[in-house]
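Inspection log for the structure reproduced underneath, given as structure tokens.
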Amino acid sequence: MQSSTRPTRRSRKAFAATAGIAALALTLTACGSSDDGDDAADGGDSDAPVTLTIATFNDFGYTQDLLDAYTEEHPNVTIKHTIAATSDDAKANFTTKLAAGGAGLADIQAVDIDWMPIVQQYEDLFTDLSDPSLDGRWLDWKTTQGSSNDGSKLLGYGTDIGPEAICYRQDLFEAAGLPSDPDGVAELLGGADATWDKYFEVGKDFVSKSDGVAWFDSAEGVYQAMVGQIEEPYENASDGTAKDLASNTDIKDLFTTVATMSKDEGLAAPNQQWSDDWNKAFQNDGFATMACPAWMTGSIETNSGGVDGWNIANVFPGGGGNWGGSFLVVPASGAHTQAAKDFAAWLTAPEQQTAAFNNSGNFPSQVEAEASEEVTSATNDFFNDAPVGKIYTDRAAAVTVTPFKGPNYFSINSAVTNALVAYDVQGKGSIESNWDDAVKAYEALGIG
Amino acid sequence: MSVQTHALPPTGLGERDPRPPRRVGFSQRLGRWDVKLSPYLYISPFFLLFAVTGLFPLLYTAWVSVHDWSLIGGQGDMVGLENYTAVLQQEEFWLSLRNTFAIFLISSVPQVVMAIFLAALLAQNIRAKTFWRMGVLLPYVVAPVAVGMIFGQLFADQYGLINAILNAVGLPSVGWHSSTFAAWSAIATMVNFRWTGYNTLIFLAAMQAVPSELYEAAVLDGAGRVRQFFSVTVPQIRSTIIFVIITSTIGGLQIFDEPRVFDVKGVGGPTHQWETTTLYLYNVGWGPQMNLGRASAVAWMLFLVIVAIGLLNFLITRRISSTADQRAQTRKERRAYKDAVRRLRMPLAAREADPGSVAATITADRATSGTSAEDESPRRTS
Amino acid sequence: MSSIPVIANTAGPGAARAARRRASQSFGSTQRRPRWVTYTILGIVLLISVFPLYFTLMLGSSTQTEISQSIVPQWFPDLSIFDRFGDIITSGAFNFPKALLNSIIISTVAAASTVLFSTMAGYAFAKLRFRGRRALLVFVIATTAVPTQLGVIPLYIVMAKVGWIDTIQAVLLPVLVSAFGVFWMTQYLENALPYELIEAARVDGASMFRTFWSIALPAARPAAAMLALFTFVQQWTNFFWPSIVLSQDNATLPVIVKLLQGNYHTDYSLVMAGVFLTTVPLLIVFAFTGRQLVAGIMQGAVKG
């Protein structure tokens, strides 16, 4: 399981059931708009029987009902949907099959933002999905993420995004004598001008007033959020080359700050993100806040069953931030790339992604979907009825930076986060010595 | 010879199915072809299937290892041994070898010793034999994926059962994932859990086959249980010990599943504390680097290391157990032991006194000795 | 024992004497029963063997929340685990019955074919002379030292070429033979099959195949039983290759267990129930055949 991949989402049952039907009705009426126009371009293909395979992972919210809506519109199409349990499994599958020349790949493959660099690096293996009629469908930064590095091709249709807010335990805030209502917390952290400095200041105050509860869940979580706000963290966007880590002062400063705050100031719970201990810390009052992309709410809910103090503050230090989100890509080796493209366009239309949001909670990346009544009015009862629709729409709008992730992003990022975990969780060496280890690990990659 | 070999009618082989009269010349020629060809026929299904599923991947890996080869981008330039030298310069590679050997040693050694010991207990005339035997094999039926999940719960650093037990008896928690040695031990525990019972049964089968005359003779000479074990059992199951050591060396040096599931990231720990060499090659090939060329080079180097260690192992074990054999014969029970051996082996005089093992035939060139059973037998079978 | 005259005929009176002795007094029965120390040690070992499986039952009977809250949520399993079994069996996310069937087919065919081909090759390596024998045997053993992870890509290419992706043949083909099996059978037959028997059969004019069929094969039975058990279990628990070449509609049981594990919040209660559920068929096979297998291993193995 990679740290920076996407989660499963458990549907919010009762709500999903009714909303699903509503969404279905919506999709049935709406699918003409984006799709039927393409049939002309298809020529005679549109009536020939076609079987399309689509491979996703976790839960994209693509229920059978949703898929059936498409086949009813297009009786010649049969859809086969395969789902991998984790994005890690899905990625292993994806890369192995690409490595073997593309045999066995689905006509449509869901790809996490974390492995989009692979698609970008081997863009010729994928179909160019550019389509002027879809201009403006997605948030601009989402389109950038899904495009080829030079911006000339659209390689993936965005499905969902992971705009980040701050999830927090209002009961623990209360016990520490801090404001505990969402607006109060947002303000406490600086509101629209929230900074990480402020976040850490409040954290120190919180830790001093509470009994052994850490401020945030893990050093990695905060580092992940902060590095996601840097334009070109490890590589040069112009040519994709790696920046020398030893002289990368932005990253070194970031590393030093997070390490100091996490360990020396004792703000982080001493757990590696996603570990069993991390999971269990939710039940043991291990920490009070965490950087919280939309999809994380599901993880928190499952991990904290029975703990009812969670809430979400509509605020994020350092402006907006995005963590995760996926795309649908069409491998060029497929037999029906045009039909697959049409279907992928349909699936990522605002109506379908709204339905998917209702089914699984994945927050849509489509401008129109985010503005829809259904999304903006959504609340989450586990988080004390927090207006998640509104919060995440605001948080998505606040995202201003799309970090450049080239082919070596994850190698370098692992080198740094490994050193961070070594210092914070394992208590190994000093901040300096661990930074040196990170640089050494970077140099071993032989990409500088 | 096993009980099953006797499952023939008492009248003997030939009479059961009298041959039809044949022309002598033809049948002789046929017989000769039969003798010459049939060994190849017997091994051919294995080698045919193996060529596709074992040999092809092996050669392909060798081919890949001398190229620039990206997992997805595929074949690049031929680079000779560059991938090998690059890997040898990586600190991570050497760390992975260290981890592999450490985990191998703290799993295999106790495992083999434990398995022999348990097999000796089970070989006694205990009550409810089958129950106990099946009991020790039980962990083997649990899938490694599942073993990883279960032990993940047990070995969690903060909220794990094992640390809770340690705390309950007044000991401090162990950082199973932060201390390198503790991580090795935890992984070795998973390995031992699953494989000890398996090896126990292999040893047990061999022990059951030790002729009871040897024990009777030893008892007559006043040897106690421990003495019997070291003077009779161990030398007699020597070839099995070698077999188990070779197979567990090969398996132990390729350990992958357990370290991979030991934490959520599955790459062997943030500072490579438990990154074994197979895990390293997986990380190089499938990780963000996607460098299949280097991964193949790692695979081939690991392959050579394993073969070297396997040979070394074999030579050491052979020496140790043959000294044990000798010691048995120089001690007090020497005569009784030898008598028993002679009594038993006389009828099978064609066979050499040494209970030959496959392993022994691998490297020891017995052809020169001229007395080895396998060199004589073909003459007699033909 | 009716077999003893045969030995007298084929291997000489001495061998018959030895066999008779062995038949009349097996090793164990001449010994006195061991004391309680033995049982205590075995009891502890058994406890360690059983505990993790028991632990899965316990966790499978608890809810995810209970598991997070307490290290040992409950000491005794309860019936609620059956609800989770039901969820897994009827889940629409994968096809459990098909996976069960696939696992049975793959494990059974792999065991049968591995045993047959390993016995044939083992017999040839142990008892027949032919050019290249030693070199080939070394080669077989050496190949078991090749790390399997890298074989996946070439293997996948082969399977894609013949159009076997997502079929159980693709899982079966690589496991029809095993180098370990050949090593194992060679090792066993070398010790367990006297040349006298082969020679006698040959003198009587039995063909090479006849000799193999009626002499070697029966002699190999105890080792074959063990090899069959090991192969069956190994294929039943095999994960990596099936997870790549099969889809979740046409999976094997370990692939399904992995499917239960989510990325970011694993419902351990469901996973543990799944682990137990997929292990149960093996336990049943074990319970029914274990006695014969284990007993067979013990009587049969006799070496010179």
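If you're wondering about the labels, chains in the structure tokens are A, B, ... by order shown, residues count from 1 in each chain, ligands from 1 in order shown.
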
Give me the residues of chain A that have any atom at most 10 Å from an atom of chain C; for each, the nearest atom pair and the distance in Å, rounded to one decimal. Use only C-alpha atoms, sort by chain and number, and format it as CSV.
```
residue,atom,partner,partner_atom,distance
A:Met1,CA,C:Asn263,CA,6.4
A:Gln2,CA,C:Asn263,CA,8.4
A:Ser3,CA,C:Tyr264,CA,8.8
A:Thr5,CA,C:Asn263,CA,8.0
A:Arg6,CA,C:Asn263,CA,7.1
A:Pro7,CA,C:Tyr264,CA,5.0
A:Thr8,CA,C:Gly262,CA,6.0
A:Arg9,CA,C:His265,CA,8.7
A:Arg10,CA,C:His265,CA,9.6
A:Ala55,CA,C:Ser247,CA,9.8
A:Phe57,CA,C:Asn263,CA,9.4
A:Asn58,CA,C:Gly262,CA,6.7
A:Asp59,CA,C:Gly262,CA,9.5
A:His81,CA,C:Asp249,CA,9.6
A:Thr82,CA,C:Gln248,CA,6.7
A:Ile83,CA,C:Gln248,CA,7.2
A:Ala84,CA,C:Leu259,CA,6.7
A:Ala85,CA,C:Leu259,CA,4.5
A:Thr86,CA,C:Asn263,CA,4.9
A:Ser87,CA,C:Asn263,CA,7.0
A:Asp88,CA,C:Asn263,CA,8.0
A:Asp89,CA,C:Ser243,CA,8.4
A:Ala90,CA,C:Ile244,CA,9.4
A:Ala92,CA,C:Ile244,CA,7.9
A:Asn93,CA,C:Ile244,CA,5.8
A:Phe94,CA,C:Ile244,CA,9.3
A:Thr96,CA,C:Ile153,CA,6.7
A:Lys97,CA,C:Tyr156,CA,7.8
A:Leu98,CA,C:Ile153,CA,10.0
A:Ala99,CA,C:Ile153,CA,7.2
A:Ala100,CA,C:Ile157,CA,5.4
A:Gly101,CA,C:Ile157,CA,7.9
A:Gly102,CA,C:Ala160,CA,9.3
A:Ala103,CA,C:Ala160,CA,6.1
A:Gly104,CA,C:Ile165,CA,6.5
A:Gln273,CA,C:Tyr264,CA,9.7
A:Trp274,CA,C:Tyr264,CA,6.5
A:Ser275,CA,C:Tyr264,CA,9.5
A:Asp276,CA,C:Ser68,CA,9.0
A:Asp277,CA,C:Ser68,CA,9.2
A:Asn279,CA,C:Ser68,CA,7.3
A:Lys280,CA,C:Ser68,CA,4.9
A:Ala281,CA,C:Ser68,CA,8.1
A:Phe282,CA,C:Ser68,CA,8.0
A:Gln283,CA,C:Gln69,CA,5.6
A:Asn284,CA,C:Gln69,CA,7.0
A:Trp295,CA,C:Tyr264,CA,9.8
A:Met296,CA,C:Tyr264,CA,8.4
A:Gly298,CA,C:His265,CA,8.1
A:Ser299,CA,C:His265,CA,5.3
A:Ile300,CA,C:His265,CA,8.2
A:Glu301,CA,C:His265,CA,9.1
A:Thr302,CA,C:His265,CA,6.4
A:Asn303,CA,C:His265,CA,6.6
A:Ser304,CA,C:Thr65,CA,7.0
A:Gly305,CA,C:Thr65,CA,5.3
A:Gly306,CA,C:Thr65,CA,6.9
A:Val307,CA,C:Thr65,CA,9.3
```

>> Report as a PyMOL selection string all protein, DNA and RNA residues lying within 10 Å of segment 45-61 of chain B, evaluated on only C-alpha atoms, omitting residues in the same chain fewer than 4 positions from it.
In response: (chain B and resi 40-41+65-66+292-293+295-297+299-300) or (chain C and resi 113-114+116-118+120-121+136+140+143-144+146-148+150-158+173-179+182)

>> Which residue is closest to Met208 of chain C? Choose from B:Gly160, B:Gly197, B:Pro144, B:Pro39 and count only C-alpha atoms.
In response: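 The answer is B:Pro39, which sits nearest to Met208 of chain C.
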
> For Val267 of chain B, which residue out of A:Ser365, A:Asn434, A:Ala415, A:Ala332 is the nearest one, using only C-alpha atoms?
Replying inline: A:Ala415

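The spacing separating atom CA of Asp124 of chain A from atom CA of Thr159 of chain A amounts to 21.7 Å.
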
> Can you tell me, as JSON, numbers by chain, what residues are no more than 10 Å from Asp244 of chain A when counting only C-alpha atoms, ignoring any on the same chain fewer than 4 positions away?
Replying inline: {"A": [234, 235, 248, 249, 439, 442, 443, 447, 448]}

>> Give me, as an MDAnalysis selection string, all polymer residues having an atom no more than 10 Å from Val330 of chain A, counting only C-alpha atoms and skipping those fewer than 5 positions away in the same chain.
In response: chainID A and resid 54 105:110 125:129 155:157 336:341 344

Generate a file of the selected residues that holds N, CA and C atoms, formatted as an mmCIF file, in the first residue's frame.
```
data_model
loop_
_atom_site.group_PDB
_atom_site.id
_atom_site.type_symbol
_atom_site.label_atom_id
_atom_site.label_comp_id
_atom_site.auth_asym_id
_atom_site.auth_seq_id
_atom_site.Cartn_x
_atom_site.Cartn_y
_atom_site.Cartn_z
ATOM 1 N N ILE A 54 -13.585 -1.970 -18.244
ATOM 2 C CA ILE A 54 -13.091 -0.842 -17.460
ATOM 3 C C ILE A 54 -12.534 -1.378 -16.156
ATOM 4 N N LEU A 105 -4.779 -5.284 -20.671
ATOM 5 C CA LEU A 105 -5.238 -4.022 -20.096
ATOM 6 C C LEU A 105 -6.701 -3.815 -20.462
ATOM 7 N N ALA A 106 -7.424 -3.164 -19.573
ATOM 8 C CA ALA A 106 -8.814 -2.863 -19.883
ATOM 9 C C ALA A 106 -8.859 -1.745 -20.925
ATOM 10 N N ASP A 107 -10.015 -1.615 -21.595
ATOM 11 C CA ASP A 107 -10.161 -0.544 -22.579
ATOM 12 C C ASP A 107 -10.067 0.813 -21.905
ATOM 13 N N ILE A 108 -10.587 0.846 -20.667
ATOM 14 C CA ILE A 108 -10.484 2.067 -19.876
ATOM 15 C C ILE A 108 -9.835 1.706 -18.553
ATOM 16 N N GLN A 109 -8.761 2.396 -18.220
ATOM 17 C CA GLN A 109 -8.063 2.121 -16.979
ATOM 18 C C GLN A 109 -8.170 3.340 -16.073
ATOM 19 N N ALA A 110 -8.554 3.083 -14.825
ATOM 20 C CA ALA A 110 -8.511 4.164 -13.852
ATOM 21 C C ALA A 110 -7.069 4.303 -13.378
ATOM 22 N N LEU A 125 1.632 5.379 -25.526
ATOM 23 C CA LEU A 125 0.897 4.136 -25.292
ATOM 24 C C LEU A 125 -0.572 4.409 -24.972
ATOM 25 N N PHE A 126 -0.927 5.704 -24.937
ATOM 26 C CA PHE A 126 -2.303 6.033 -24.552
ATOM 27 C C PHE A 126 -2.962 6.902 -25.608
ATOM 28 N N THR A 127 -4.268 6.798 -25.635
ATOM 29 C CA THR A 127 -5.028 7.548 -26.611
ATOM 30 C C THR A 127 -5.134 9.022 -26.190
ATOM 31 N N ASP A 128 -4.975 9.899 -27.149
ATOM 32 C CA ASP A 128 -5.193 11.315 -26.874
ATOM 33 C C ASP A 128 -6.690 11.549 -26.741
ATOM 34 N N LEU A 129 -7.096 12.013 -25.583
ATOM 35 C CA LEU A 129 -8.533 12.145 -25.323
ATOM 36 C C LEU A 129 -9.039 13.564 -25.553
ATOM 37 N N LEU A 155 -4.548 13.247 -21.644
ATOM 38 C CA LEU A 155 -4.334 11.805 -21.538
ATOM 39 C C LEU A 155 -5.355 11.126 -20.635
ATOM 40 N N GLY A 156 -5.909 11.898 -19.707
ATOM 41 C CA GLY A 156 -6.858 11.286 -18.785
ATOM 42 C C GLY A 156 -8.023 12.202 -18.509
ATOM 43 N N TYR A 157 -9.219 11.626 -18.418
ATOM 44 C CA TYR A 157 -10.394 12.385 -18.010
ATOM 45 C C TYR A 157 -10.489 12.323 -16.491
ATOM 46 N N HIS A 336 -11.004 -0.996 -29.056
ATOM 47 C CA HIS A 336 -12.112 -0.075 -29.317
ATOM 48 C C HIS A 336 -11.837 1.276 -28.675
ATOM 49 N N THR A 337 -10.752 1.904 -29.084
ATOM 50 C CA THR A 337 -10.363 3.117 -28.371
ATOM 51 C C THR A 337 -11.401 4.235 -28.523
ATOM 52 N N GLN A 338 -12.039 4.310 -29.682
ATOM 53 C CA GLN A 338 -13.010 5.387 -29.863
ATOM 54 C C GLN A 338 -14.227 5.176 -28.960
ATOM 55 N N ALA A 339 -14.740 3.938 -28.967
ATOM 56 C CA ALA A 339 -15.889 3.636 -28.111
ATOM 57 C C ALA A 339 -15.517 3.817 -26.639
ATOM 58 N N ALA A 340 -14.269 3.442 -26.303
ATOM 59 C CA ALA A 340 -13.810 3.582 -24.922
ATOM 60 C C ALA A 340 -13.733 5.057 -24.542
ATOM 61 N N LYS A 341 -13.258 5.859 -25.468
ATOM 62 C CA LYS A 341 -13.156 7.300 -25.223
ATOM 63 C C LYS A 341 -14.544 7.887 -24.960
ATOM 64 N N ALA A 344 -15.696 6.800 -21.553
ATOM 65 C CA ALA A 344 -14.970 7.487 -20.487
ATOM 66 C C ALA A 344 -15.461 8.929 -20.360
#
```

> Which of these residues is nearest to Val45 of chain C, using only C-alpha atoms: B:Ser107, B:Ile126, B:Gln158, B:Thr200?
Replying inline: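 Of B:Ser107, B:Ile126, B:Gln158, B:Thr200, the one nearest Val45 of chain C is B:Thr200, counting only C-alpha atoms.
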
Within 6 Å of chain A, which residues of chain B show up? Give each one with its shortest atom-to-atom distance in Å (one decimal) and the two atoms involved, counting only C-alpha atoms, rows by chain then rising residue number, as a tab-separated table.
```
residue	atom	partner	partner_atom	distance
B:Leu71	CA	A:Ala99	CA	5.5
B:Ile72	CA	A:Ala99	CA	4.3
B:Gln158	CA	A:Asp277	CA	5.9
B:Tyr159	CA	A:Asp277	CA	6.0
B:Ser178	CA	A:Gln426	CA	4.7
B:Val264	CA	A:Met1	CA	5.4
B:Lys265	CA	A:Met1	CA	5.0
B:Pro270	CA	A:Asn418	CA	4.3
B:Pro288	CA	A:Ser411	CA	5.5
```

Surrounding residues of Ser61 of chain C excluding itself and chain neighbours under 3 positions, 7 Å, only C-alpha atoms, as a PDB file with C-alpha atoms, in the first residue's frame:
```
ATOM      1  CA  LEU C  57     -11.656 -16.444  14.513  1.00  0.00           C
ATOM      2  CA  MET C  58     -11.721 -14.035  17.430  1.00  0.00           C
ATOM      3  CA  PRO C  77     -15.436 -16.495  18.780  1.00  0.00           C
ATOM      4  CA  ASP C  78     -19.153 -16.210  18.310  1.00  0.00           C
ATOM      5  CA  SER C  80     -21.517 -13.289  14.221  1.00  0.00           C
ATOM      6  CA  ILE C  81     -18.622 -14.499  12.108  1.00  0.00           C
ATOM      7  CA  SER C 269     -13.022  -8.201  11.006  1.00  0.00           C
TER       8      SER C 269
END
```

> What does the distance from atom CA of Val174 of chain B to atom CA of Ser108 of chain B come to in Å, to one decimal?
Replying inline: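 Atom CA of Ser108 of chain B lies 22.5 Å from atom CA of Val174 of chain B.
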
>> I'd like to know which of B:Gly266, B:Gly287, B:Pro139, B:Pro172 is closest to chain C, using only C-alpha atoms.
In response: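 Among B:Gly266, B:Gly287, B:Pro139, B:Pro172, it is B:Pro139 that comes nearest to chain C.
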
>> as number ranges by chain, please: every residue in segment 71-278 of chain C that DSSP puts in alpha helix (DSSP H).
In response: C: 80-90, 96-127, 133-143, 152-161, 168-172, 179-192, 195-203, 208-211, 217-219, 221-237, 240-245, 253-260, 268-278

>> as a PyMOL selection string, please: every residue in segment 71-117 of chain B that a backbone DSSP assignment puts in strand (DSSP E or B).
In response: chain B and resi 74-78

>> Residues within 12 Å of Phe229 of chain B, please, as a PyMOL selection string. Count only C-alpha atoms; anything in the same chain fewer than 2 positions from it doesn't count.
In response: chain B and resi 116-117+119-121+123-124+207+210+214-215+218-219+223-227+231-237+324-325+328
